[in-house]
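Below: the structure, in structure tokens.
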Amino acid sequence: MSKGIKIVTIGGGSSYTPELIEGFIKRYDELPITELWLVDIEAGKEKLEIIGSLAKRMIQKAGVPIDVHLTLDRREALKDADFVTTQFRVGLLDARAKDERIPIKYGVIGQETNGPGGLFKGLRTIPVILEICKDIEELCPNAWLVNFTNPAGMVTEAVLRYSNLKKVVGLCNVPIGMKMGIASAMDVEPSRIHVDFAGLNHMVFGLNVYLDGVSILDSVIERMTDPNNEMTMKNISGLAWEPDFIRALGVIPCGYHRYYYKTSEMLAEEIEAAETVGTRAEVVQKLEHELFEIYKNPELDIKPPQLEKRGGAFYSDAACSLINSIYNDKHDIQPVNTRNNGAIASIPNDSAVEVNCVITKEGPIPIAVGDIPVAARGLVQQIKSFERVASEAAVTGDYQTALLAMTINPLVHSDKAAKQILDEMLAAHKEYLPQFTQPVKV
Ligand code: G6P
């Protein structure tokens, strides 16, 4: 990589792209990007143009020589790329709204990445990411794939299992969001906080927390029991934890754990929201509309603060720090999704986990944590089984495998409901699930 760096962002028309641009600008001295290709599909063309113009204005204001290219031709963009970042949404927010609305009719959580919604997002996304992997193999075999597309854990699992790519990392902003939340709750600079992360994507725990190298786990747990603690995310309800449960658990759960440990309250909130303000996808659709109106303003040349209403806070820091550390062989520690390789004892070595890693130019080296506490371990293993079966269903288009995935998901309470939800969702998303009508051979 002695020439300048070429980055390709698939799903470049996403409202989150200004986050990335800001991150690249901030790190330009260390990360000399010469070409940034934003790729989208025909349906995202208008958004891509709006984002592309804003990106160019931000880059011009910063005075850095990054060339921005906009294209609907993914293959043209990928040629000789050094890093490929993926942040697309198959079926757009309309599909997410169905993922959120259909399950609640059956008394099951409707969520973007958990339960039936997560399964269907995986079924729609995995075939597309595997096509992208084939293109990468052919057109830029030395590139790193940095996947941010949800469900990021299941997608990483599928890429590790069903593609030939070795240089792949899955990334999420939940760990950095937890670290920032802890720093703010403890009223200290985030750089003084270190968290031992381990688990799966959207199922990650902080096993220990240090302030200047000294464990403060007990005080953080105590802070979490306060219903007004700052450790929440914009896209997840901050419903208070049962204090004695959190103390007994003894590790820090992520926001998404509320769907598993407070299922009935979360479902009740979802039902109420669906009847009043709309599901999260519907709220986000309105927010997106406002954001793109703001992005269109030719005077705007920074990332607008309104973007902070979305769940993706710190996304740019996570993505850009990772790329920076791979490029500069930094050997610093970052939580990413990668092959377990023994880091978490109770998860198979060849499965994707979200764990602290030393980031090198050869990729992430996972740091062994021993194991997740026994009380949390079973849930993590169950979700891993779900992700594996779901990935297989996504690749094979096999109905029974999809039903198996739906039924073993801990948020789905019966095989009968699983089948009803599966059938309704297969019909609702038919357009984006060709593998279920024309099965493919693995
Ligand atoms: C968090 C999660 C992301 C998710 C996002 C949703 O950041 O880590 O995986 O996509 O929230 O946010 P939204 O604003 O779209 O509901």
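Labels for the structure tokens follow display order: chains A, B, ..., residues from 1 in each chain, ligands from 1.
Those protein and nucleic acid residues that have any atom within 8 Å of ligand 1 are, using only C-alpha atoms and all ligand atoms, Glu112, Thr113, Phe148, Thr149, Asn150, Pro151, Ala152, Cys172, Asn173, Val174, His202, Met233, Lys234, Asn235, Ile236, Arg280, Ala281, Val284, Lys309, Arg310, Gly311, Gly312, Ala313 and Tyr315 of chain A.
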task = Could you please write out, as JSON, numbers by chain, every residue of segment 334-402 of chain A that DSSP assigns to alpha helix (DSSP H)?
result = {"A": [374, 375, 376, 377, 378, 379, 380, 381, 382, 383, 384, 385, 386, 387, 388, 389, 390, 391, 392, 393, 394, 395, 396, 399, 400, 401, 402]}
request  = List the neighbours of segment 406-411 of chain A out to 7 Å using only C-alpha atoms; skip same-chain residues closer than 2 positions along the sequence, and give me the result as a VMD selection string.
outcome  = chain A and resid 108 to 109 115 to 116 260 383 386 402 to 404 413 to 415 418
Those residues with N, CA, C and O atoms, as a PDB file, in the first residue's frame please?
```
ATOM      1  N   VAL A 108     -44.141 -11.405  19.885  1.00  0.00           N
ATOM      2  CA  VAL A 108     -42.690 -11.626  19.867  1.00  0.00           C
ATOM      3  C   VAL A 108     -42.007 -10.293  19.548  1.00  0.00           C
ATOM      4  O   VAL A 108     -42.526  -9.489  18.759  1.00  0.00           O
ATOM      5  N   ILE A 109     -40.827 -10.073  20.163  1.00  0.00           N
ATOM      6  CA  ILE A 109     -40.064  -8.841  19.921  1.00  0.00           C
ATOM      7  C   ILE A 109     -39.841  -8.639  18.417  1.00  0.00           C
ATOM      8  O   ILE A 109     -39.438  -9.570  17.711  1.00  0.00           O
ATOM      9  N   GLY A 115     -34.135 -11.581  17.323  1.00  0.00           N
ATOM     10  CA  GLY A 115     -35.377 -12.308  17.102  1.00  0.00           C
ATOM     11  C   GLY A 115     -35.650 -12.475  15.611  1.00  0.00           C
ATOM     12  O   GLY A 115     -34.728 -12.450  14.780  1.00  0.00           O
ATOM     13  N   PRO A 116     -36.948 -12.608  15.241  1.00  0.00           N
ATOM     14  CA  PRO A 116     -37.294 -12.847  13.840  1.00  0.00           C
ATOM     15  C   PRO A 116     -36.776 -11.753  12.889  1.00  0.00           C
ATOM     16  O   PRO A 116     -36.382 -12.042  11.763  1.00  0.00           O
ATOM     17  N   TYR A 260     -33.572  -9.654  26.027  1.00  0.00           N
ATOM     18  CA  TYR A 260     -33.536 -11.023  26.558  1.00  0.00           C
ATOM     19  C   TYR A 260     -33.865 -11.072  28.040  1.00  0.00           C
ATOM     20  O   TYR A 260     -34.494 -12.012  28.505  1.00  0.00           O
ATOM     21  N   ILE A 383     -27.410 -18.000  21.091  1.00  0.00           N
ATOM     22  CA  ILE A 383     -27.428 -17.030  19.996  1.00  0.00           C
ATOM     23  C   ILE A 383     -26.417 -17.445  18.911  1.00  0.00           C
ATOM     24  O   ILE A 383     -26.657 -17.302  17.721  1.00  0.00           O
ATOM     25  N   PHE A 386     -28.032 -20.053  16.925  1.00  0.00           N
ATOM     26  CA  PHE A 386     -29.027 -19.390  16.070  1.00  0.00           C
ATOM     27  C   PHE A 386     -28.338 -18.763  14.855  1.00  0.00           C
ATOM     28  O   PHE A 386     -28.768 -18.940  13.717  1.00  0.00           O
ATOM     29  N   ALA A 402     -34.581 -22.611   7.980  1.00  0.00           N
ATOM     30  CA  ALA A 402     -35.045 -21.290   8.427  1.00  0.00           C
ATOM     31  C   ALA A 402     -36.001 -21.437   9.612  1.00  0.00           C
ATOM     32  O   ALA A 402     -35.949 -20.662  10.580  1.00  0.00           O
ATOM     33  N   LEU A 403     -36.854 -22.450   9.561  1.00  0.00           N
ATOM     34  CA  LEU A 403     -37.796 -22.673  10.670  1.00  0.00           C
ATOM     35  C   LEU A 403     -37.032 -23.062  11.939  1.00  0.00           C
ATOM     36  O   LEU A 403     -37.367 -22.631  13.048  1.00  0.00           O
ATOM     37  N   LEU A 404     -35.990 -23.858  11.746  1.00  0.00           N
ATOM     38  CA  LEU A 404     -35.165 -24.250  12.892  1.00  0.00           C
ATOM     39  C   LEU A 404     -34.538 -23.004  13.527  1.00  0.00           C
ATOM     40  O   LEU A 404     -34.580 -22.825  14.746  1.00  0.00           O
ATOM     41  N   HIS A 413     -41.269 -17.887  21.307  1.00  0.00           N
ATOM     42  CA  HIS A 413     -41.712 -18.740  22.411  1.00  0.00           C
ATOM     43  C   HIS A 413     -42.331 -20.066  22.014  1.00  0.00           C
ATOM     44  O   HIS A 413     -42.636 -20.882  22.868  1.00  0.00           O
ATOM     45  N   SER A 414     -42.596 -20.302  20.714  1.00  0.00           N
ATOM     46  CA  SER A 414     -43.152 -21.618  20.383  1.00  0.00           C
ATOM     47  C   SER A 414     -42.880 -21.962  18.925  1.00  0.00           C
ATOM     48  O   SER A 414     -42.732 -21.071  18.073  1.00  0.00           O
ATOM     49  N   ASP A 415     -42.827 -23.259  18.662  1.00  0.00           N
ATOM     50  CA  ASP A 415     -42.560 -23.700  17.285  1.00  0.00           C
ATOM     51  C   ASP A 415     -43.714 -23.292  16.358  1.00  0.00           C
ATOM     52  O   ASP A 415     -43.524 -22.983  15.188  1.00  0.00           O
ATOM     53  N   ALA A 418     -43.388 -19.731  15.638  1.00  0.00           N
ATOM     54  CA  ALA A 418     -42.224 -19.584  14.756  1.00  0.00           C
ATOM     55  C   ALA A 418     -42.632 -19.811  13.308  1.00  0.00           C
ATOM     56  O   ALA A 418     -42.254 -19.056  12.407  1.00  0.00           O
TER      57      ALA A 418
END
```
Per residue of segment 108-227 of chain A within 12 Å of segment 374-382 of chain A, note the shortest atom pair and the distance in Å to one decimal, counting only C-alpha atoms, and order the rows by chain and increasing residue number, as a Markdown table.
```
| residue | atom | partner | partner_atom | distance |
| --- | --- | --- | --- | --- |
| A:Gly153 | CA | A:Val380 | CA | 11.9 |
| A:Ala198 | CA | A:Val380 | CA | 10.1 |
| A:Gly199 | CA | A:Val380 | CA | 6.7 |
| A:Leu200 | CA | A:Val380 | CA | 6.9 |
| A:Asn201 | CA | A:Val380 | CA | 9.9 |
| A:His202 | CA | A:Val380 | CA | 10.3 |
| A:Met203 | CA | A:Val380 | CA | 6.9 |
| A:Val204 | CA | A:Val380 | CA | 8.6 |
| A:Phe205 | CA | A:Ala376 | CA | 8.9 |
| A:Gly206 | CA | A:Ala376 | CA | 11.7 |
| A:Leu207 | CA | A:Ala376 | CA | 10.8 |
```
Those same residues, written as a PDB file, in the first residue's frame with N, CA and C atoms?
```
ATOM      1  N   GLY A 153     -22.886  -9.664  13.418  1.00  0.00           N
ATOM      2  CA  GLY A 153     -22.318 -10.930  13.911  1.00  0.00           C
ATOM      3  C   GLY A 153     -22.639 -12.073  12.963  1.00  0.00           C
ATOM      4  N   ALA A 198     -16.310  -9.104  25.669  1.00  0.00           N
ATOM      5  CA  ALA A 198     -16.378 -10.469  25.139  1.00  0.00           C
ATOM      6  C   ALA A 198     -17.828 -10.886  24.968  1.00  0.00           C
ATOM      7  N   GLY A 199     -18.089 -11.591  23.889  1.00  0.00           N
ATOM      8  CA  GLY A 199     -19.435 -12.091  23.614  1.00  0.00           C
ATOM      9  C   GLY A 199     -19.635 -12.145  22.120  1.00  0.00           C
ATOM     10  N   LEU A 200     -20.852 -11.798  21.713  1.00  0.00           N
ATOM     11  CA  LEU A 200     -21.174 -11.775  20.288  1.00  0.00           C
ATOM     12  C   LEU A 200     -21.698 -10.385  19.967  1.00  0.00           C
ATOM     13  N   ASN A 201     -21.837 -10.112  18.692  1.00  0.00           N
ATOM     14  CA  ASN A 201     -22.361  -8.815  18.296  1.00  0.00           C
ATOM     15  C   ASN A 201     -23.780  -8.614  18.850  1.00  0.00           C
ATOM     16  N   HIS A 202     -24.008  -7.442  19.401  1.00  0.00           N
ATOM     17  CA  HIS A 202     -25.272  -7.102  20.054  1.00  0.00           C
ATOM     18  C   HIS A 202     -25.588  -8.080  21.189  1.00  0.00           C
ATOM     19  N   MET A 203     -24.573  -8.755  21.661  1.00  0.00           N
ATOM     20  CA  MET A 203     -24.702  -9.722  22.770  1.00  0.00           C
ATOM     21  C   MET A 203     -23.352  -9.719  23.490  1.00  0.00           C
ATOM     22  N   VAL A 204     -22.786  -8.484  23.603  1.00  0.00           N
ATOM     23  CA  VAL A 204     -21.438  -8.383  24.157  1.00  0.00           C
ATOM     24  C   VAL A 204     -21.518  -7.938  25.610  1.00  0.00           C
ATOM     25  N   PHE A 205     -20.613  -8.436  26.418  1.00  0.00           N
ATOM     26  CA  PHE A 205     -20.544  -8.045  27.829  1.00  0.00           C
ATOM     27  C   PHE A 205     -19.224  -7.330  28.105  1.00  0.00           C
ATOM     28  N   GLY A 206     -19.249  -6.431  29.074  1.00  0.00           N
ATOM     29  CA  GLY A 206     -18.010  -5.896  29.618  1.00  0.00           C
ATOM     30  C   GLY A 206     -17.666  -6.774  30.812  1.00  0.00           C
ATOM     31  N   LEU A 207     -16.628  -7.588  30.660  1.00  0.00           N
ATOM     32  CA  LEU A 207     -16.308  -8.531  31.749  1.00  0.00           C
ATOM     33  C   LEU A 207     -15.607  -7.823  32.899  1.00  0.00           C
TER      34      LEU A 207
END
```
query = For Pro304 of chain A, which of A:Leu291, A:Val283, A:Ala143, A:Leu36 is the closest residue, counting only C-alpha atoms?
reply = A:Leu291
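Using only C-alpha atoms for every distance, the candidate list A:Asn142, A:Asp29, A:Thr225, A:Gln285 yields A:Thr225 as the residue closest to Asp244 of chain A.
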inquiry  = What does the structure give for the distance between atom CA of Glu35 of chain A and atom CA of Ile5 of chain A, in Å to one decimal?
reply    = 6.6 Å
key: Computed interatomic separation between atom CA of Tyr28 of chain A and atom CA of His194 of chain A (Å)   =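 Between atom CA of Tyr28 of chain A and atom CA of His194 of chain A the gap is 25.6 Å.
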query = Which residue out of A:Glu387, A:Asp94, A:Asp196, A:Glu138 has the minimum interatomic distance to Ala428 of chain A when only C-alpha atoms are used?
reply =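 Looking only at the distances to Ala428 of chain A, the closest residue turns out to be A:Asp94.
Closest approach to Val169 of chain A among A:Ile421, A:Ala183, A:Ala319, A:Ile372: A:Ala319, based on only C-alpha atoms.
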request  = List the neighbours of segment 271-276 of chain A out to 10 Å using only C-alpha atoms; skip same-chain residues closer than 2 positions along the sequence, and give me the result as a PyMOL selection string.
outcome  = chain A and resi 97+100-101+104-105+107-110+265-269+278-280+282-283
Please dump the current selection as a short mmCIF file (atom, residue, chain, number, x, y, z; two decimals), in the first residue's frame; keep all heavy atoms.
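Okay, this is what ended up in selection-v5.cif:
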```
data_model
loop_
_atom_site.label_atom_id
_atom_site.label_comp_id
_atom_site.auth_asym_id
_atom_site.auth_seq_id
_atom_site.Cartn_x
_atom_site.Cartn_y
_atom_site.Cartn_z
N ALA A 97 -39.06 -2.06 8.74
CA ALA A 97 -40.35 -1.81 9.39
C ALA A 97 -41.17 -3.10 9.45
O ALA A 97 -41.84 -3.38 10.45
CB ALA A 97 -41.10 -0.71 8.64
N GLU A 100 -39.96 -5.34 12.13
CA GLU A 100 -40.34 -4.87 13.47
C GLU A 100 -41.83 -5.07 13.75
O GLU A 100 -42.22 -5.33 14.88
CB GLU A 100 -39.97 -3.40 13.63
CG GLU A 100 -38.47 -3.16 13.62
CD GLU A 100 -38.07 -1.69 13.51
OE1 GLU A 100 -38.92 -0.84 13.17
OE2 GLU A 100 -36.89 -1.40 13.74
N ARG A 101 -42.66 -4.93 12.69
CA ARG A 101 -44.12 -4.99 12.92
C ARG A 101 -44.68 -6.41 12.95
O ARG A 101 -45.55 -6.71 13.77
CB ARG A 101 -44.85 -4.20 11.84
CG ARG A 101 -44.93 -2.73 12.18
CD ARG A 101 -46.09 -2.02 11.53
NE ARG A 101 -46.05 -0.63 11.97
CZ ARG A 101 -46.82 -0.15 12.93
NH1 ARG A 101 -47.72 -0.91 13.54
NH2 ARG A 101 -46.72 1.12 13.30
N ILE A 104 -44.45 -8.62 16.36
CA ILE A 104 -45.23 -8.18 17.53
C ILE A 104 -46.70 -8.62 17.44
O ILE A 104 -47.35 -8.79 18.45
CB ILE A 104 -45.11 -6.66 17.86
CG1 ILE A 104 -45.53 -5.78 16.72
CG2 ILE A 104 -43.72 -6.31 18.33
CD1 ILE A 104 -45.46 -4.27 17.06
N LYS A 105 -47.17 -8.89 16.22
CA LYS A 105 -48.54 -9.42 16.09
C LYS A 105 -48.66 -10.77 16.78
O LYS A 105 -49.73 -11.22 17.13
CB LYS A 105 -48.88 -9.62 14.61
CG LYS A 105 -49.05 -8.34 13.83
CD LYS A 105 -49.92 -8.57 12.60
CE LYS A 105 -49.13 -9.17 11.47
NZ LYS A 105 -49.85 -9.39 10.24
N GLY A 107 -46.87 -11.59 19.47
CA GLY A 107 -46.37 -11.48 20.84
C GLY A 107 -44.88 -11.72 20.95
O GLY A 107 -44.38 -12.18 21.98
N VAL A 108 -44.14 -11.41 19.88
CA VAL A 108 -42.69 -11.63 19.87
C VAL A 108 -42.01 -10.29 19.55
O VAL A 108 -42.53 -9.49 18.76
CB VAL A 108 -42.33 -12.70 18.80
CG1 VAL A 108 -40.83 -12.80 18.60
CG2 VAL A 108 -42.91 -14.06 19.20
N ILE A 109 -40.83 -10.07 20.16
CA ILE A 109 -40.06 -8.84 19.92
C ILE A 109 -39.84 -8.64 18.42
O ILE A 109 -39.44 -9.57 17.71
CB ILE A 109 -38.67 -8.94 20.63
CG1 ILE A 109 -38.82 -8.97 22.15
CG2 ILE A 109 -37.71 -7.85 20.16
CD1 ILE A 109 -39.15 -7.67 22.82
N GLY A 110 -40.10 -7.42 17.95
CA GLY A 110 -39.82 -7.07 16.55
C GLY A 110 -38.65 -6.11 16.56
O GLY A 110 -38.80 -4.97 16.99
N GLU A 265 -41.37 -6.46 29.18
CA GLU A 265 -41.47 -4.99 29.24
C GLU A 265 -41.08 -4.37 27.90
O GLU A 265 -41.69 -3.39 27.46
CB GLU A 265 -40.54 -4.40 30.32
CG GLU A 265 -40.90 -4.77 31.74
CD GLU A 265 -40.10 -5.95 32.25
OE1 GLU A 265 -39.93 -6.95 31.50
OE2 GLU A 265 -39.64 -5.88 33.39
N MET A 266 -40.06 -4.94 27.27
CA MET A 266 -39.62 -4.39 25.99
C MET A 266 -40.71 -4.57 24.93
O MET A 266 -40.97 -3.69 24.12
CB MET A 266 -38.31 -5.06 25.53
CG MET A 266 -37.12 -4.75 26.41
SD MET A 266 -36.65 -3.00 26.44
CE MET A 266 -35.61 -2.87 24.99
N LEU A 267 -41.36 -5.74 24.98
CA LEU A 267 -42.43 -6.00 24.02
C LEU A 267 -43.59 -5.03 24.24
O LEU A 267 -44.12 -4.45 23.28
CB LEU A 267 -42.91 -7.46 24.15
CG LEU A 267 -44.03 -7.88 23.22
CD1 LEU A 267 -43.60 -7.79 21.76
CD2 LEU A 267 -44.49 -9.31 23.52
N ALA A 268 -43.93 -4.81 25.50
CA ALA A 268 -45.03 -3.89 25.80
C ALA A 268 -44.69 -2.49 25.27
O ALA A 268 -45.54 -1.81 24.67
CB ALA A 268 -45.28 -3.85 27.31
N GLU A 269 -43.45 -2.07 25.43
CA GLU A 269 -43.04 -0.75 24.91
C GLU A 269 -43.14 -0.71 23.40
O GLU A 269 -43.56 0.28 22.80
CB GLU A 269 -41.60 -0.43 25.32
CG GLU A 269 -41.48 0.10 26.71
CD GLU A 269 -40.30 1.07 26.87
OE1 GLU A 269 -39.45 1.14 25.96
OE2 GLU A 269 -40.25 1.75 27.90
N GLY A 278 -44.90 4.93 16.08
CA GLY A 278 -44.40 4.06 15.02
C GLY A 278 -43.24 3.23 15.54
O GLY A 278 -42.68 3.50 16.61
N THR A 279 -42.85 2.21 14.77
CA THR A 279 -41.71 1.38 15.17
C THR A 279 -40.44 2.20 14.94
O THR A 279 -40.48 3.26 14.32
CB THR A 279 -41.61 0.09 14.34
OG1 THR A 279 -41.26 0.45 13.00
CG2 THR A 279 -42.92 -0.69 14.33
N ARG A 280 -39.32 1.67 15.43
CA ARG A 280 -38.05 2.42 15.27
C ARG A 280 -37.77 2.71 13.79
O ARG A 280 -37.37 3.81 13.44
CB ARG A 280 -36.91 1.61 15.90
CG ARG A 280 -35.53 2.25 15.76
CD ARG A 280 -35.38 3.53 16.59
NE ARG A 280 -34.12 4.20 16.29
CZ ARG A 280 -33.81 5.44 16.62
NH1 ARG A 280 -34.66 6.19 17.30
NH2 ARG A 280 -32.66 5.96 16.31
N GLU A 282 -39.86 3.21 11.45
CA GLU A 282 -40.75 4.28 11.00
C GLU A 282 -40.28 5.64 11.55
O GLU A 282 -40.34 6.65 10.84
CB GLU A 282 -42.20 3.95 11.38
CG GLU A 282 -42.72 2.76 10.56
CD GLU A 282 -43.86 1.97 11.21
OE1 GLU A 282 -44.31 2.34 12.32
OE2 GLU A 282 -44.28 0.97 10.62
N VAL A 283 -39.81 5.63 12.77
CA VAL A 283 -39.26 6.87 13.35
C VAL A 283 -38.01 7.28 12.55
O VAL A 283 -37.84 8.45 12.19
CB VAL A 283 -38.90 6.63 14.85
CG1 VAL A 283 -38.10 7.80 15.41
CG2 VAL A 283 -40.16 6.40 15.67
#
```
Using only C-alpha atoms, I'd like a table of the residues in segment 66-169 of chain A that come within 9 Å of segment 434-439 of chain A; for each, show the closest atom pair and its distance in Å rounded to one decimal, ordered by chain and ascending number, as CSV.
```
residue,atom,partner,partner_atom,distance
A:Leu123,CA,A:Gln435,CA,9.0
A:Arg124,CA,A:Pro434,CA,8.9
A:Pro127,CA,A:Gln435,CA,8.3
```
inquiry  = Let me make sure I understand: among A:Glu270, A:Glu131, A:Glu308, A:Asp82, which one has the smallest atom-to-atom distance to Asn164 of chain A if we use only C-alpha atoms?
reply    =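 Going through A:Glu270, A:Glu131, A:Glu308, A:Asp82 one by one, the smallest distance to Asn164 of chain A is for A:Glu131.
Distances here use only C-alpha atoms; by that measure, the residue among A:Arg89, A:Arg57, A:Lys26, A:Lys330 closest to Gly11 of chain A is A:Arg89.
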Once you count only C-alpha atoms, what closest atom pair and distance in Å to one decimal does each residue of segment 147-248 of chain A within 10 Å of segment 390-401 of chain A have, with rows by chain and rising residue number, as CSV?
```
residue,atom,partner,partner_atom,distance
A:Met154,CA,A:Ser391,CA,6.6
A:Val155,CA,A:Ser391,CA,7.7
A:Thr156,CA,A:Ser391,CA,9.7
A:Glu157,CA,A:Ser391,CA,7.4
A:Ala158,CA,A:Ser391,CA,5.5
A:Val159,CA,A:Ser391,CA,9.2
A:Arg161,CA,A:Ser391,CA,8.7
A:Tyr162,CA,A:Val395,CA,8.1
```
Residues of the last selection are to be written out with N, CA and C atoms, as a PDB file, in the first residue's frame.
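As written to disk, again-v6.pdb reads:
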```pdb
ATOM      1  N   MET A 154     -23.901 -12.161  12.563  1.00  0.00           N
ATOM      2  CA  MET A 154     -24.327 -13.237  11.674  1.00  0.00           C
ATOM      3  C   MET A 154     -23.664 -13.090  10.304  1.00  0.00           C
ATOM      4  N   VAL A 155     -23.530 -11.857   9.854  1.00  0.00           N
ATOM      5  CA  VAL A 155     -22.888 -11.607   8.553  1.00  0.00           C
ATOM      6  C   VAL A 155     -21.420 -12.034   8.621  1.00  0.00           C
ATOM      7  N   THR A 156     -20.726 -11.700   9.702  1.00  0.00           N
ATOM      8  CA  THR A 156     -19.318 -12.108   9.839  1.00  0.00           C
ATOM      9  C   THR A 156     -19.232 -13.634   9.876  1.00  0.00           C
ATOM     10  N   GLU A 157     -20.136 -14.240  10.631  1.00  0.00           N
ATOM     11  CA  GLU A 157     -20.176 -15.713  10.704  1.00  0.00           C
ATOM     12  C   GLU A 157     -20.315 -16.310   9.297  1.00  0.00           C
ATOM     13  N   ALA A 158     -21.226 -15.755   8.506  1.00  0.00           N
ATOM     14  CA  ALA A 158     -21.476 -16.292   7.157  1.00  0.00           C
ATOM     15  C   ALA A 158     -20.262 -16.080   6.257  1.00  0.00           C
ATOM     16  N   VAL A 159     -19.628 -14.926   6.366  1.00  0.00           N
ATOM     17  CA  VAL A 159     -18.463 -14.654   5.505  1.00  0.00           C
ATOM     18  C   VAL A 159     -17.329 -15.619   5.873  1.00  0.00           C
ATOM     19  N   ARG A 161     -17.623 -18.557   7.141  1.00  0.00           N
ATOM     20  CA  ARG A 161     -18.016 -19.928   6.843  1.00  0.00           C
ATOM     21  C   ARG A 161     -18.211 -20.201   5.358  1.00  0.00           C
ATOM     22  N   TYR A 162     -18.717 -19.214   4.634  1.00  0.00           N
ATOM     23  CA  TYR A 162     -19.152 -19.505   3.253  1.00  0.00           C
ATOM     24  C   TYR A 162     -18.417 -18.710   2.168  1.00  0.00           C
TER      25      TYR A 162
END
```
query = In Å, with one decimal, what is the gap from atom CA of Asp80 of chain A to atom CA of Gly23 of chain A?
reply = 22.2 Å
ask   = Near segment 292-294 of chain A, counting only C-alpha atoms, which residues have an atom at most 8 Å away, once you skip same-chain residues fewer than 4 positions from it, shown as a PyMOL selection string?
value = chain A and resi 15+47+50+288+300+304
